[in-house]
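Novice: Just so it is clear, I am handing over data.csv, which has CSV, C-alpha atoms.
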```csv
chain,number,residue,atom,x,y,z
H,1,MET,CA,-24.6,220.8,112.0
H,2,LYS,CA,-28.1,221.2,110.4
H,3,ARG,CA,-30.7,218.6,111.2
H,4,VAL,CA,-32.7,216.7,108.6
H,5,VAL,CA,-35.7,214.8,109.8
H,6,ILE,CA,-37.1,212.1,107.5
H,7,ILE,CA,-40.5,210.5,107.8
H,8,GLY,CA,-40.6,207.0,106.4
H,9,GLY,CA,-37.9,204.4,105.8
H,10,GLY,CA,-38.8,203.1,102.4
H,11,PHE,CA,-36.9,203.6,99.1
H,12,THR,CA,-37.0,207.4,99.3
H,13,GLY,CA,-36.5,207.8,103.0
H,14,ALA,CA,-33.8,205.1,103.5
H,15,ASN,CA,-31.7,206.3,100.5
H,16,THR,CA,-32.0,210.0,101.6
H,17,ALA,CA,-30.8,209.1,105.2
H,18,LYS,CA,-27.9,207.0,103.9
H,19,ILE,CA,-26.6,209.9,101.7
H,20,LEU,CA,-27.3,212.9,104.0
H,21,GLU,CA,-26.0,211.4,107.2
H,22,LYS,CA,-22.4,212.1,106.0
H,23,ASN,CA,-22.9,215.9,106.3
H,24,PHE,CA,-26.1,216.4,108.4
H,25,GLU,CA,-27.6,215.3,111.7
H,26,VAL,CA,-30.2,212.9,110.4
H,27,MET,CA,-33.2,211.5,112.2
H,28,LEU,CA,-35.2,208.8,110.5
H,29,ILE,CA,-38.8,208.3,111.8
H,30,ASP,CA,-40.3,205.0,110.8
H,31,THR,CA,-43.0,202.6,112.1
H,32,LYS,CA,-40.6,199.7,111.4
H,33,ASP,CA,-37.0,199.2,112.4
H,34,TYR,CA,-36.1,197.7,109.0
H,35,PHE,CA,-36.1,198.6,105.3
H,36,GLU,CA,-38.3,196.2,103.2
H,37,PHE,CA,-37.9,195.6,99.5
H,38,THR,CA,-41.6,195.8,98.8
H,39,PRO,CA,-41.6,194.7,95.1
H,40,SER,CA,-40.8,191.2,96.3
H,41,ILE,CA,-43.4,191.0,99.1
H,42,LEU,CA,-45.9,189.1,97.0
H,43,LYS,CA,-43.4,186.2,96.7
H,44,THR,CA,-43.4,185.7,100.4
H,45,LEU,CA,-47.0,184.7,100.4
H,46,THR,CA,-46.0,181.5,98.5
H,47,ASN,CA,-42.6,181.2,100.2
H,48,PRO,CA,-42.5,182.9,103.6
H,49,GLU,CA,-38.8,182.1,104.0
H,50,LEU,CA,-38.0,184.8,101.5
H,51,PHE,CA,-39.1,187.5,103.9
H,52,ASN,CA,-35.8,187.6,105.8
H,53,LYS,CA,-34.0,188.0,102.5
H,54,ILE,CA,-35.9,191.1,101.4
H,55,LYS,CA,-35.4,193.2,104.6
H,56,LEU,CA,-32.5,195.0,106.1
H,57,ASN,CA,-32.4,196.5,109.6
H,58,HIS,CA,-32.0,200.3,109.4
H,59,ARG,CA,-29.2,200.1,111.9
H,60,ASP,CA,-27.2,197.8,109.6
H,61,TYR,CA,-26.8,200.4,106.8
H,62,LEU,CA,-27.2,203.7,108.7
H,63,LYS,CA,-24.0,204.5,110.6
H,64,LYS,CA,-24.7,208.0,112.0
H,65,SER,CA,-28.4,208.6,111.7
H,66,ARG,CA,-30.7,208.4,114.7
H,67,LEU,CA,-33.7,206.0,114.4
H,68,VAL,CA,-37.0,207.0,116.0
H,69,LEU,CA,-39.6,204.3,116.0
H,70,GLY,CA,-43.2,205.6,115.9
H,71,LYS,CA,-45.7,207.4,113.8
H,72,ALA,CA,-45.6,211.1,112.9
H,73,GLU,CA,-48.6,212.7,114.5
H,74,LYS,CA,-48.5,216.2,113.1
H,75,ILE,CA,-46.0,218.6,111.5
H,76,SER,CA,-45.4,222.4,111.3
H,77,LYS,CA,-42.9,224.5,109.2
H,78,ASN,CA,-40.1,223.6,111.6
H,79,SER,CA,-41.1,220.7,113.8
H,80,VAL,CA,-42.7,217.2,113.8
H,81,PHE,CA,-44.5,215.5,116.7
H,82,VAL,CA,-43.7,211.8,117.2
H,83,ASN,CA,-44.9,209.7,120.2
H,84,GLY,CA,-46.0,213.0,121.9
H,85,ARG,CA,-42.6,214.5,121.5
H,86,GLU,CA,-41.8,217.6,119.4
H,87,ILE,CA,-38.7,217.2,117.2
H,88,PHE,CA,-37.3,220.3,115.5
H,89,PHE,CA,-35.7,220.3,112.1
H,90,ASP,CA,-33.9,222.5,109.6
H,91,TYR,CA,-35.1,220.3,106.7
H,92,LEU,CA,-37.9,217.8,106.6
H,93,VAL,CA,-38.3,215.0,104.1
H,94,ILE,CA,-41.8,213.5,103.9
H,95,ALA,CA,-41.5,209.9,102.5
H,96,ALA,CA,-44.3,208.3,104.5
H,97,GLY,CA,-45.4,206.2,101.5
H,98,SER,CA,-48.6,204.3,101.1
H,99,SER,CA,-50.4,201.2,102.4
H,100,TYR,CA,-52.1,198.2,100.9
H,101,GLU,CA,-54.3,195.6,102.5
H,102,THR,CA,-52.4,193.4,105.0
H,103,PRO,CA,-50.0,191.7,104.4
H,104,LEU,CA,-49.0,193.3,101.1
H,105,LYS,CA,-47.7,196.5,102.5
H,106,ASN,CA,-48.5,197.5,106.1
H,107,HIS,CA,-46.7,199.1,109.0
H,108,ASN,CA,-46.1,196.4,111.6
H,109,SER,CA,-43.1,197.6,113.6
H,110,SER,CA,-41.8,194.1,114.3
H,111,PRO,CA,-40.4,191.8,111.6
H,112,ILE,CA,-41.5,188.8,113.7
H,113,SER,CA,-45.1,190.1,113.7
H,114,LYS,CA,-44.9,190.7,109.9
H,115,LEU,CA,-43.4,187.2,109.3
H,116,ASN,CA,-46.1,185.6,111.5
H,117,ASN,CA,-48.7,187.4,109.5
H,118,ILE,CA,-47.3,186.3,106.2
H,119,GLU,CA,-46.9,182.7,107.4
H,120,GLY,CA,-50.6,182.7,108.6
H,121,ILE,CA,-51.8,183.9,105.2
H,122,HIS,CA,-49.5,181.3,103.5
H,123,LYS,CA,-51.1,178.4,105.5
H,124,LYS,CA,-54.6,179.6,104.6
H,125,ILE,CA,-53.6,179.9,100.9
H,126,GLU,CA,-52.4,176.3,101.0
H,127,PHE,CA,-55.5,175.0,102.7
H,128,PHE,CA,-58.3,177.0,100.8
H,129,LYS,CA,-59.4,176.0,97.4
H,130,LYS,CA,-61.0,179.2,96.0
H,131,ILE,CA,-59.1,182.5,96.2
H,132,VAL,CA,-60.7,185.7,95.0
H,133,ILE,CA,-58.6,188.7,94.1
H,134,VAL,CA,-60.3,192.1,93.8
H,135,GLY,CA,-58.3,194.5,91.6
H,136,GLY,CA,-56.7,194.2,88.2
H,137,GLY,CA,-53.8,196.5,88.4
H,138,PRO,CA,-50.1,195.4,88.7
H,139,VAL,CA,-50.5,194.1,92.2
H,140,GLY,CA,-53.6,192.1,91.4
H,141,VAL,CA,-52.1,190.6,88.3
H,142,GLU,CA,-48.8,189.8,90.0
H,143,LEU,CA,-50.6,188.2,92.9
H,144,ALA,CA,-52.9,186.1,90.7
H,145,SER,CA,-49.9,185.0,88.6
H,146,GLU,CA,-47.9,184.0,91.7
H,147,LEU,CA,-50.8,182.0,93.2
H,148,ILE,CA,-51.8,180.2,90.1
H,149,THR,CA,-48.1,179.3,89.2
H,150,PHE,CA,-47.4,177.8,92.7
H,151,TYR,CA,-50.9,176.3,93.2
H,152,PRO,CA,-52.1,175.3,89.7
H,153,GLY,CA,-54.9,173.2,91.2
H,154,LYS,CA,-56.6,176.1,93.0
H,155,GLU,CA,-59.5,178.2,91.7
H,156,VAL,CA,-58.2,181.7,91.4
H,157,VAL,CA,-60.8,184.3,90.5
H,158,LEU,CA,-60.0,188.0,89.7
H,159,PHE,CA,-62.5,190.9,89.6
H,160,THR,CA,-61.7,194.3,88.3
H,161,SER,CA,-63.9,197.4,87.6
H,162,SER,CA,-61.9,198.2,84.6
H,163,GLY,CA,-62.5,196.9,81.1
H,164,SER,CA,-58.9,195.5,81.0
H,165,LEU,CA,-56.1,194.3,83.2
H,166,ILE,CA,-53.3,196.7,84.1
H,167,PRO,CA,-55.3,199.5,82.4
H,168,ARG,CA,-52.5,202.1,82.7
H,169,ASN,CA,-50.2,200.0,80.6
H,170,SER,CA,-50.2,199.5,76.8
H,171,GLN,CA,-52.7,197.3,75.0
H,172,LYS,CA,-50.0,194.8,74.2
H,173,SER,CA,-49.0,194.5,77.8
H,174,GLN,CA,-52.7,194.1,78.8
H,175,LYS,CA,-53.1,191.3,76.3
H,176,ILE,CA,-49.9,189.5,77.5
H,177,ALA,CA,-51.2,189.6,81.1
H,178,GLN,CA,-54.7,188.5,80.2
H,179,ASP,CA,-53.5,185.7,77.9
H,180,PHE,CA,-51.1,184.4,80.6
H,181,LEU,CA,-53.7,184.3,83.4
H,182,LYS,CA,-56.4,182.7,81.2
H,183,LYS,CA,-54.0,180.0,80.0
H,184,LYS,CA,-53.2,179.2,83.6
H,185,GLY,CA,-56.9,179.0,84.4
H,186,VAL,CA,-57.5,182.2,86.3
H,187,LYS,CA,-61.1,183.3,85.9
H,188,ILE,CA,-61.1,187.0,84.9
H,189,ASN,CA,-64.1,189.2,85.5
H,190,LEU,CA,-63.8,192.6,83.8
H,191,ASN,CA,-66.1,195.6,84.4
H,192,LYS,CA,-67.2,194.2,87.7
H,193,ARG,CA,-67.4,196.7,90.5
H,194,ILE,CA,-67.3,195.2,94.0
H,195,ILE,CA,-69.5,197.3,96.3
H,196,SER,CA,-69.0,195.5,99.7
H,197,LYS,CA,-67.1,192.6,101.3
H,198,GLU,CA,-67.8,190.3,104.2
H,199,ASN,CA,-65.8,187.4,105.6
H,200,THR,CA,-66.4,184.8,102.9
H,201,SER,CA,-68.3,186.7,100.3
H,202,ILE,CA,-68.3,189.9,98.2
H,203,LEU,CA,-71.2,191.7,96.7
H,204,GLU,CA,-71.1,192.8,93.0
H,205,ASN,CA,-74.2,194.7,91.8
H,206,GLY,CA,-76.5,192.7,94.0
H,207,LYS,CA,-74.9,189.4,93.2
H,208,VAL,CA,-73.1,187.5,96.0
H,209,ILE,CA,-69.7,186.1,95.1
H,210,THR,CA,-68.3,183.5,97.5
H,211,GLY,CA,-64.8,182.4,98.1
H,212,ASP,CA,-62.5,180.8,100.8
H,213,TYR,CA,-60.1,183.8,100.9
H,214,PHE,CA,-60.1,187.3,99.5
H,215,PHE,CA,-57.3,189.7,98.6
H,216,LEU,CA,-58.2,193.3,98.1
H,217,CYS,CA,-55.8,194.9,95.6
H,218,THR,CA,-57.9,197.9,94.6
H,219,GLY,CA,-55.2,200.5,95.1
H,220,ILE,CA,-53.1,202.3,97.7
H,221,LYS,CA,-53.9,204.5,100.6
H,222,ASN,CA,-51.5,207.4,101.1
H,223,ASN,CA,-50.1,207.6,104.7
H,224,SER,CA,-51.0,211.2,105.0
H,225,GLY,CA,-53.1,211.2,108.1
H,226,PHE,CA,-50.6,213.2,110.2
H,227,ILE,CA,-50.7,215.9,107.5
H,228,GLU,CA,-54.5,216.1,107.4
H,229,LYS,CA,-54.5,216.8,111.1
H,230,SER,CA,-52.1,219.7,111.0
H,231,THR,CA,-51.2,221.2,107.6
H,232,LYS,CA,-53.9,220.1,105.2
H,233,GLU,CA,-52.9,222.8,102.7
H,234,MET,CA,-50.0,220.5,101.7
H,235,LEU,CA,-52.5,217.9,100.3
H,236,ASN,CA,-54.5,217.7,97.1
H,237,GLU,CA,-58.0,216.2,96.9
H,238,LYS,CA,-56.4,212.7,96.7
H,239,ASN,CA,-54.5,213.3,99.9
H,240,GLN,CA,-51.2,213.4,98.0
H,241,VAL,CA,-48.5,215.9,99.0
H,242,LYS,CA,-48.3,218.8,96.5
H,243,VAL,CA,-44.7,219.3,95.3
H,244,ASN,CA,-43.0,221.6,92.9
H,245,SER,CA,-40.5,220.6,90.2
H,246,PHE,CA,-37.7,220.6,92.8
H,247,LEU,CA,-39.7,218.2,95.0
H,248,GLN,CA,-40.2,220.9,97.6
H,249,VAL,CA,-43.6,220.8,99.3
H,250,ARG,CA,-45.5,223.8,97.8
H,251,GLY,CA,-45.2,226.8,100.1
H,252,PHE,CA,-42.4,225.3,102.2
H,253,LYS,CA,-38.8,225.8,101.0
H,254,ASN,CA,-37.3,223.6,103.7
H,255,ILE,CA,-39.7,220.7,103.4
H,256,PHE,CA,-39.3,218.1,100.6
H,257,ALA,CA,-41.4,215.0,99.7
H,258,GLY,CA,-40.9,211.9,97.6
H,259,GLY,CA,-42.2,208.4,96.9
H,260,ASP,CA,-45.8,207.2,96.6
H,261,ILE,CA,-47.2,210.0,98.7
H,262,ILE,CA,-46.5,212.9,96.2
H,263,ASP,CA,-48.7,214.3,93.5
H,264,THR,CA,-46.4,213.7,90.5
H,265,ASP,CA,-48.2,212.3,87.4
H,266,GLU,CA,-46.2,209.1,87.1
H,267,GLU,CA,-46.3,205.5,88.1
H,268,LYS,CA,-45.3,205.2,91.7
H,269,THR,CA,-42.5,202.6,91.5
H,270,ALA,CA,-39.4,201.8,93.5
H,271,GLN,CA,-37.3,203.2,90.6
H,272,SER,CA,-39.1,206.6,90.7
H,273,ALA,CA,-38.8,206.7,94.6
H,274,VAL,CA,-35.1,206.2,94.4
H,275,LEU,CA,-34.8,209.0,91.8
H,276,HIS,CA,-36.9,211.2,94.1
H,277,SER,CA,-34.3,210.6,96.9
H,278,TRP,CA,-31.5,211.6,94.6
H,279,ILE,CA,-33.1,214.9,93.7
H,280,ILE,CA,-34.0,215.6,97.3
H,281,ASN,CA,-30.4,214.9,98.4
H,282,ARG,CA,-28.9,217.1,95.8
H,283,ASN,CA,-31.3,220.0,96.5
H,284,ILE,CA,-30.8,220.0,100.3
H,285,ILE,CA,-27.0,220.0,99.7
H,286,ASN,CA,-27.4,222.7,97.1
H,287,MET,CA,-29.5,224.9,99.4
H,288,GLU,CA,-26.7,224.7,102.0
H,289,LYS,CA,-24.2,225.7,99.4
H,290,ARG,CA,-26.4,228.4,97.9
H,291,LYS,CA,-26.4,226.7,94.5
H,292,SER,CA,-29.3,226.3,92.0
H,293,LEU,CA,-31.8,223.5,92.7
H,294,ILE,CA,-32.2,220.6,90.3
H,295,LYS,CA,-35.6,219.9,88.7
H,296,TYR,CA,-37.1,216.4,88.8
H,297,LYS,CA,-38.1,215.3,85.2
H,298,ILE,CA,-41.1,213.2,84.9
H,299,LYS,CA,-40.9,210.8,82.0
H,300,LYS,CA,-41.9,207.3,80.9
H,301,ARG,CA,-39.6,204.7,82.5
H,302,LEU,CA,-39.1,201.0,82.1
H,303,THR,CA,-41.8,198.9,83.8
H,304,LEU,CA,-41.5,195.3,84.8
H,305,ILE,CA,-44.5,193.2,85.9
H,306,SER,CA,-44.0,189.7,87.2
H,307,LEU,CA,-46.1,186.8,86.0
H,308,GLY,CA,-45.0,184.2,88.4
H,309,ARG,CA,-41.3,183.5,88.8
H,310,ALA,CA,-40.4,182.5,85.2
H,311,ASN,CA,-42.6,185.0,83.2
H,312,GLY,CA,-43.1,188.7,83.1
H,313,ILE,CA,-43.8,191.8,81.1
H,314,LEU,CA,-41.4,194.5,80.1
H,315,GLU,CA,-42.8,197.8,78.9
H,316,TYR,CA,-40.9,200.9,77.8
H,317,LYS,CA,-42.2,203.8,75.7
H,318,GLY,CA,-45.0,201.7,74.1
H,319,PHE,CA,-42.8,198.7,73.5
H,320,SER,CA,-43.9,195.5,75.3
H,321,LEU,CA,-42.2,192.2,75.7
H,322,GLY,CA,-43.5,189.1,77.6
H,323,GLY,CA,-41.9,185.9,78.6
H,324,LEU,CA,-38.7,184.7,80.3
H,325,ILE,CA,-36.5,187.7,79.5
H,326,PRO,CA,-38.5,190.2,81.6
H,327,ALA,CA,-38.5,187.7,84.5
H,328,ILE,CA,-34.8,187.3,84.4
H,329,LEU,CA,-34.2,191.0,84.1
H,330,LYS,CA,-36.4,191.7,87.2
H,331,LYS,CA,-34.5,189.0,89.2
H,332,ILE,CA,-31.2,190.6,88.2
H,333,ILE,CA,-32.3,194.1,89.2
H,334,GLU,CA,-33.8,192.7,92.5
H,335,LYS,CA,-30.6,190.8,93.4
H,336,ARG,CA,-28.3,193.8,92.5
H,337,GLN,CA,-30.4,196.2,94.6
H,338,LEU,CA,-30.7,193.9,97.6
H,339,ILE,CA,-26.9,193.4,97.6
H,340,GLY,CA,-26.4,197.1,97.2
H,341,LEU,CA,-28.4,197.9,100.3
H,342,LYS,CA,-25.6,196.7,102.5
H,343,THR,CA,-23.0,198.9,101.0
H,344,ARG,CA,-24.3,201.9,99.1
H,345,LEU,CA,-28.2,201.6,99.1
H,346,PHE,CA,-28.4,201.6,95.3
```
Could you write out this file's structure as structure tokens?
Specialist:
Amino acid sequence: MKRVVIIGGGFTGANTAKILEKNFEVMLIDTKDYFEFTPSILKTLTNPELFNKIKLNHRDYLKKSRLVLGKAEKISKNSVFVNGREIFFDYLVIAAGSSYETPLKNHNSSPISKLNNIEGIHKKIEFFKKIVIVGGGPVGVELASELITFYPGKEVVLFTSSGSLIPRNSQKSQKIAQDFLKKKGVKINLNKRIISKENTSILENGKVITGDYFFLCTGIKNNSGFIEKSTKEMLNEKNQVKVNSFLQVRGFKNIFAGGDIIDTDEEKTAQSAVLHSWIINRNIINMEKRKSLIKYKIKKRLTLISLGRANGILEYKGFSLGGLIPAILKKIIEKRQLIGLKTRLF
């Protein structure tokens, strides 16, 4: 039986392991022993009890796969090193994902440690009066909306270097986000580039901005350190893994990649990560059957951005809708996917 090694247990890695374990010897390498529904992680900062509802232990949905806890250290064309041990593979799937500032998306191996961290942040949020958010993308906007909705009496200040919020979205979506936050009392500072940060202050063009607590939501960092140390030719200048239209790593027929870490020109969402896993699954199976590979088609897909629990933004091919309907739709999708984890993983 051929061996498939998967690095990363997020949307791409978990789904790939779930499907391929039926016909391959699968080894899943992850720094955590659980799958985490990351789109809901911001909600845990205002309600830590939700954390246990958005995670699922890998062993609860993987029946045959072997779980290896640890960080990938380096890779070659037919092996990966983890915890000082060399593991050989016939196929490799790189789905190492990305990281945000703690506790938005990190790599604590213990759910207890992660929950303690979230609860600690939650207590600080409740206690402090002025919260500063740096970054006006979807994460910054969703975080500001969540905080101001649950704590309307707090001072929430948002800084972004862009001339608008969620700049990669349509102008109508940008206006919906800005109008919502302004109406709730969030102080929005556009075209403000933060150049440094210390414990209770940030520096913006020589001006000191103070606050009780800071969230940095200025983007993601690809978890590609293990690739930089061994096979740097796999990466582009942004440390993204270079893939072809079949999601094979360029120059390596038996190595695939998906999720946040790849260089496809698209929004890195849970939806796209699941689609990556489907293409990877089919192509590995097709390679074994000597069939033609399937191309991954990049296209504009539906986007949902939360504005608290009862509001949101839906955007699809230039059409934007704000209000309750997007919020309800996101809750339905979230509930369906979380229930599906225990049976078919989407």
Novice: Tell me, counting only C-alpha atoms, for each residue of stretch 226-275 of chain H within 12 Å of stretch 165-179 of chain H, which pair of atoms is nearest and how far apart they are in Å to one decimal, in rows ordered by chain and increasing number, as CSV.
Specialist:
```
residue,atom,partner,partner_atom,distance
H:Glu266,CA,H:Arg168,CA,10.4
H:Glu267,CA,H:Arg168,CA,8.9
H:Lys268,CA,H:Arg168,CA,11.9
```
Novice: Name the residues in contact with H:Lys253 at a cut-off of 12 Å, using all atoms listed in the file, excluding same-chain residues fewer than 4 positions from it; report them as a PyMOL selection string.
Specialist: chain H and resi 77-78+90-93+243-244+246-249+257+280+283-284+287+293
Novice: Could you check which of H:Ile121, H:Ser162, H:Lys43, H:Gly323 is closest to H:Leu143, using only C-alpha atoms?
Specialist: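 Of H:Ile121, H:Ser162, H:Lys43, H:Gly323, the one nearest H:Leu143 is H:Lys43, counting only C-alpha atoms.
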Novice: To one decimal place, how far is atom CA of H:Ala72 from atom CA of H:Val139 in Å?
Specialist: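 Between atom CA of H:Ala72 and atom CA of H:Val139 the gap works out to 27.2 Å.
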Novice: Figure out the distance between atom CA of H:Ile325 and atom CA of H:Ile54, please, to one decimal in Å.
Specialist: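 Answer for the atom CA of H:Ile54 to atom CA of H:Ile325 separation: 22.2 Å.
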Novice: Between H:Phe180, H:Trp278, H:Phe226, H:Tyr34, which is the closest to H:Asn311 once you count only C-alpha atoms?
Specialist: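 Closest residue, counting only C-alpha atoms: H:Phe180.
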Novice: Env of H:Ile125: 10 Å cut, atoms = all atoms listed in the file, seq-sep filter 3 positions within chain, self excluded. Answer as an mmCIF file with C-alpha atoms, in the frame of the given file.
Specialist:
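Printed below is result-v3.cif as written:
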```cif
data_model
loop_
_atom_site.group_PDB
_atom_site.id
_atom_site.type_symbol
_atom_site.label_atom_id
_atom_site.label_comp_id
_atom_site.auth_asym_id
_atom_site.auth_seq_id
_atom_site.Cartn_x
_atom_site.Cartn_y
_atom_site.Cartn_z
ATOM 1 C CA LEU H 45 -47.000 184.700 100.400
ATOM 2 C CA THR H 46 -46.000 181.500 98.500
ATOM 3 C CA GLU H 119 -46.900 182.700 107.400
ATOM 4 C CA GLY H 120 -50.600 182.700 108.600
ATOM 5 C CA ILE H 121 -51.800 183.900 105.200
ATOM 6 C CA HIS H 122 -49.500 181.300 103.500
ATOM 7 C CA PHE H 128 -58.300 177.000 100.800
ATOM 8 C CA LYS H 129 -59.400 176.000 97.400
ATOM 9 C CA LYS H 130 -61.000 179.200 96.000
ATOM 10 C CA ILE H 131 -59.100 182.500 96.200
ATOM 11 C CA LEU H 147 -50.800 182.000 93.200
ATOM 12 C CA TYR H 151 -50.900 176.300 93.200
ATOM 13 C CA LYS H 154 -56.600 176.100 93.000
ATOM 14 C CA ASP H 212 -62.500 180.800 100.800
ATOM 15 C CA TYR H 213 -60.100 183.800 100.900
ATOM 16 C CA PHE H 214 -60.100 187.300 99.500
#
```
Novice: Between atom CA of H:Thr269 and atom CA of H:Thr303, what is the distance, to one decimal in Å?
Specialist: 8.6 Å
Novice: Between H:Gly318, H:Gly312, H:Gly10, H:Gly136, single out the one closest to H:Thr218, counting only C-alpha atoms.
Specialist: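 Under the stated criterion, the closest residue is H:Gly136.
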Novice: Sort by chain and increasing residue number a table of all residues of stretch 41-88 of chain H within 10 Å of stretch 23-31 of chain H, each with its closest pair of atoms and their distance in Å to one decimal, counting only C-alpha atoms, and write it as a tab-separated table.
Specialist:
```
residue	atom	partner	partner_atom	distance
H:His58	CA	H:Leu28	CA	9.1
H:Leu62	CA	H:Leu28	CA	9.7
H:Lys64	CA	H:Val26	CA	7.5
H:Ser65	CA	H:Val26	CA	4.8
H:Arg66	CA	H:Met27	CA	4.7
H:Leu67	CA	H:Leu28	CA	5.0
H:Val68	CA	H:Ile29	CA	4.8
H:Leu69	CA	H:Asp30	CA	5.3
H:Gly70	CA	H:Thr31	CA	4.8
H:Lys71	CA	H:Thr31	CA	5.8
H:Ala72	CA	H:Ile29	CA	7.4
H:Val80	CA	H:Ile29	CA	9.9
H:Val82	CA	H:Ile29	CA	8.1
H:Ile87	CA	H:Met27	CA	9.4
```
Novice: Which residue, H:Ile333, H:Leu302, H:Ile261, H:Val5, has the smallest gap to H:His276 when you use all atoms listed in the file?
Specialist: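 The shortest atom-to-atom distance to H:His276 comes from H:Ile261.
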Novice: When distances are computed from all atoms listed in the file, which of H:Ser76, H:Ile279, H:Phe319, H:Pro48 shows the smallest separation from H:Phe256?
Specialist: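 Comparing H:Ser76, H:Ile279, H:Phe319, H:Pro48 against H:Phe256, the winner is H:Ile279.
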Novice: Nearest to H:Ser230: which of H:Leu50, H:Leu115, H:Met1, H:Ile75 is it, counting only C-alpha atoms?
Specialist: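 Closest to H:Ser230 of all the choices is H:Ile75.
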Novice: Could you give me, as a PyMOL selection string, the residues that have an atom at most 9 Å away from the point (-59.3, 190.7, 93.3) in the coordinates of the file, using all atoms listed in the file?
Specialist: chain H and resi 131-136+140-141+144+157-160+214-218
Novice: May I have the residues from that selection written out with C-alpha atoms, as a PDB file, in the coordinates of the input?
Specialist:
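Wrote it out as out.pdb, contents follow:
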```pdb
ATOM      1  CA  ILE H 131     -59.100 182.500  96.200  1.00  0.00           C
ATOM      2  CA  VAL H 132     -60.700 185.700  95.000  1.00  0.00           C
ATOM      3  CA  ILE H 133     -58.600 188.700  94.100  1.00  0.00           C
ATOM      4  CA  VAL H 134     -60.300 192.100  93.800  1.00  0.00           C
ATOM      5  CA  GLY H 135     -58.300 194.500  91.600  1.00  0.00           C
ATOM      6  CA  GLY H 136     -56.700 194.200  88.200  1.00  0.00           C
ATOM      7  CA  GLY H 140     -53.600 192.100  91.400  1.00  0.00           C
ATOM      8  CA  VAL H 141     -52.100 190.600  88.300  1.00  0.00           C
ATOM      9  CA  ALA H 144     -52.900 186.100  90.700  1.00  0.00           C
ATOM     10  CA  VAL H 157     -60.800 184.300  90.500  1.00  0.00           C
ATOM     11  CA  LEU H 158     -60.000 188.000  89.700  1.00  0.00           C
ATOM     12  CA  PHE H 159     -62.500 190.900  89.600  1.00  0.00           C
ATOM     13  CA  THR H 160     -61.700 194.300  88.300  1.00  0.00           C
ATOM     14  CA  PHE H 214     -60.100 187.300  99.500  1.00  0.00           C
ATOM     15  CA  PHE H 215     -57.300 189.700  98.600  1.00  0.00           C
ATOM     16  CA  LEU H 216     -58.200 193.300  98.100  1.00  0.00           C
ATOM     17  CA  CYS H 217     -55.800 194.900  95.600  1.00  0.00           C
ATOM     18  CA  THR H 218     -57.900 197.900  94.600  1.00  0.00           C
TER      19      THR H 218
END
```
Novice: Residues near H:Ile313, anyone? I mean within 6 Å using all atoms listed in the file, not counting same-chain ones fewer than 2 positions away, as a list in words.
Specialist: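 Once the nearby chain positions are removed, what remains is Leu304, Ile305, Leu321, Gly322 and Pro326 of chain H.
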